[in-house]
Amino acid sequence: MDAAKLEHFKQLLLTDLRHHARQVSDEQANAIRIGEEDSAKESADFALRDFISELTLKLGDQESRMVADIDQALLRIKEGSYGLCVRCNKVIDDRRLEALPTARYDATCQAAIEDERGVARPTL
C-alpha cells in the first residue's frame with residue numbers, strides 16, 4: 001500500500017480513536033453518576049437504574065474493544081502489515097478498509113470465519 005493511502009487510513013483510524021475514547025469516558029462517567037444518584041427512590045427505580053448502569057458499562061466495554069481494535073490497526077500500519085489479511089496474507093480491498101478501517105481479514109476470510117462460528121449473514 002502506498003504512503004498516501006496509509007496516511008489516509010491512519011487519519012481515519014485516529015479520528016475513530018478520538019471518537020471512541022470520548023464515548024468510553026462519557027459512558028463510564030454516566031454509569032458512575034447513575035450509581036451516585038439519590039438512594040431514596042423506590043425499588044422499581046433501583047431496578048431501572050441497575051439496568052441502565054449495566055447497559056452503560058457493557059457499552060463501555062464495547063467501545064473499549066473498538067479502541068483496542070483501532071490501536072491494533074495503527075500498530076499494523078507502523079509494522080507495515082496494515083491492509084494485509086492476517087489469516088491468508090492477501091491484500092484487503094480498499095473499499096473494505098474504507099468501510100471498516102480496523103479490518104484484519106479480507107472478505108473471503110471474514111466470511112469463512114463467520115461460517116465457522118455459525119454467524120448468520122444478512123440476505124437480500
# chains A, B, ... in the order shown; residues from 1 in each chain; ligands from 1
call {"tool": "residues_around", "arguments": {"residues": "Arg76 of chain A", "least_positions_apart": "4", "cutoff": "12 Å", "atoms": "only C-alpha atoms", "output": "VMD selection string"}}
result
chain A and resid 6 9 to 10 13 69 to 72 80 to 86 101 to 104
call {"tool": "write_last_selection", "arguments": {"atoms": "N, CA and C atoms", "output": "compact mmCIF listing (two decimals), in the first residue's frame"}}
result
# COMPACT_ATOMS: atom_id res chain seq x y z
N LEU A 6 -1.83 4.85 3.14
CA LEU A 6 -1.57 4.56 4.55
C LEU A 6 -1.88 5.76 5.43
N PHE A 9 -5.70 6.16 5.75
CA PHE A 9 -6.29 5.21 6.69
C PHE A 9 -5.86 5.51 8.12
N LYS A 10 -4.64 5.96 8.30
CA LYS A 10 -4.17 6.34 9.64
C LYS A 10 -5.02 7.48 10.18
N LEU A 13 -8.41 6.17 11.22
CA LEU A 13 -8.29 5.44 12.48
C LEU A 13 -8.12 6.40 13.66
N ASP A 69 -9.15 -2.38 18.95
CA ASP A 69 -9.05 -2.74 17.53
C ASP A 69 -8.35 -1.63 16.73
N ILE A 70 -8.68 -0.40 17.05
CA ILE A 70 -8.04 0.74 16.37
C ILE A 70 -6.55 0.76 16.69
N ASP A 71 -6.23 0.55 17.96
CA ASP A 71 -4.83 0.52 18.38
C ASP A 71 -4.05 -0.56 17.63
N GLN A 72 -4.67 -1.73 17.45
CA GLN A 72 -4.02 -2.81 16.72
C GLN A 72 -3.82 -2.45 15.25
N GLY A 80 3.98 -2.17 9.04
CA GLY A 80 3.96 -2.38 7.60
C GLY A 80 3.06 -3.50 7.13
N SER A 81 2.20 -4.00 8.01
CA SER A 81 1.31 -5.10 7.63
C SER A 81 -0.14 -4.67 7.48
N TYR A 82 -0.41 -3.38 7.63
CA TYR A 82 -1.80 -2.89 7.50
C TYR A 82 -2.29 -3.14 6.08
N GLY A 83 -3.54 -3.57 5.97
CA GLY A 83 -4.12 -3.82 4.66
C GLY A 83 -3.89 -5.23 4.16
N LEU A 84 -3.20 -6.04 4.95
CA LEU A 84 -2.99 -7.44 4.60
C LEU A 84 -3.80 -8.31 5.56
N CYS A 85 -4.48 -9.29 5.01
CA CYS A 85 -5.27 -10.21 5.82
C CYS A 85 -4.34 -10.98 6.75
N VAL A 86 -4.67 -11.00 8.04
CA VAL A 86 -3.82 -11.71 9.00
C VAL A 86 -3.97 -13.22 8.90
N PRO A 101 -12.01 0.46 8.75
CA PRO A 101 -10.55 0.66 8.77
C PRO A 101 -9.80 -0.29 9.69
N THR A 102 -10.50 -0.91 10.63
CA THR A 102 -9.85 -1.85 11.56
C THR A 102 -9.85 -3.28 11.04
N ALA A 103 -10.34 -3.50 9.82
CA ALA A 103 -10.46 -4.86 9.27
C ALA A 103 -9.12 -5.59 9.33
N ARG A 104 -9.15 -6.81 9.85
CA ARG A 104 -7.95 -7.65 9.91
C ARG A 104 -7.99 -8.75 8.87
call {"tool": "closest_residue", "arguments": {"among": "A:Leu97, A:Cys88, A:Ile113, A:Ala68", "to": "Leu12 of chain A", "atoms": "only C-alpha atoms"}}
result
A:Leu97
call {"tool": "atom_distance", "arguments": {"atom1": "atom CA of Arg18 of chain A", "atom2": "atom CA of Glu63 of chain A"}}
result
11.2 Å
call {"tool": "closest_residue", "arguments": {"among": "A:Lys78, A:His8, A:Arg65, A:Arg95", "to": "Ala107 of chain A", "atoms": "only C-alpha atoms"}}
result
A:Arg95
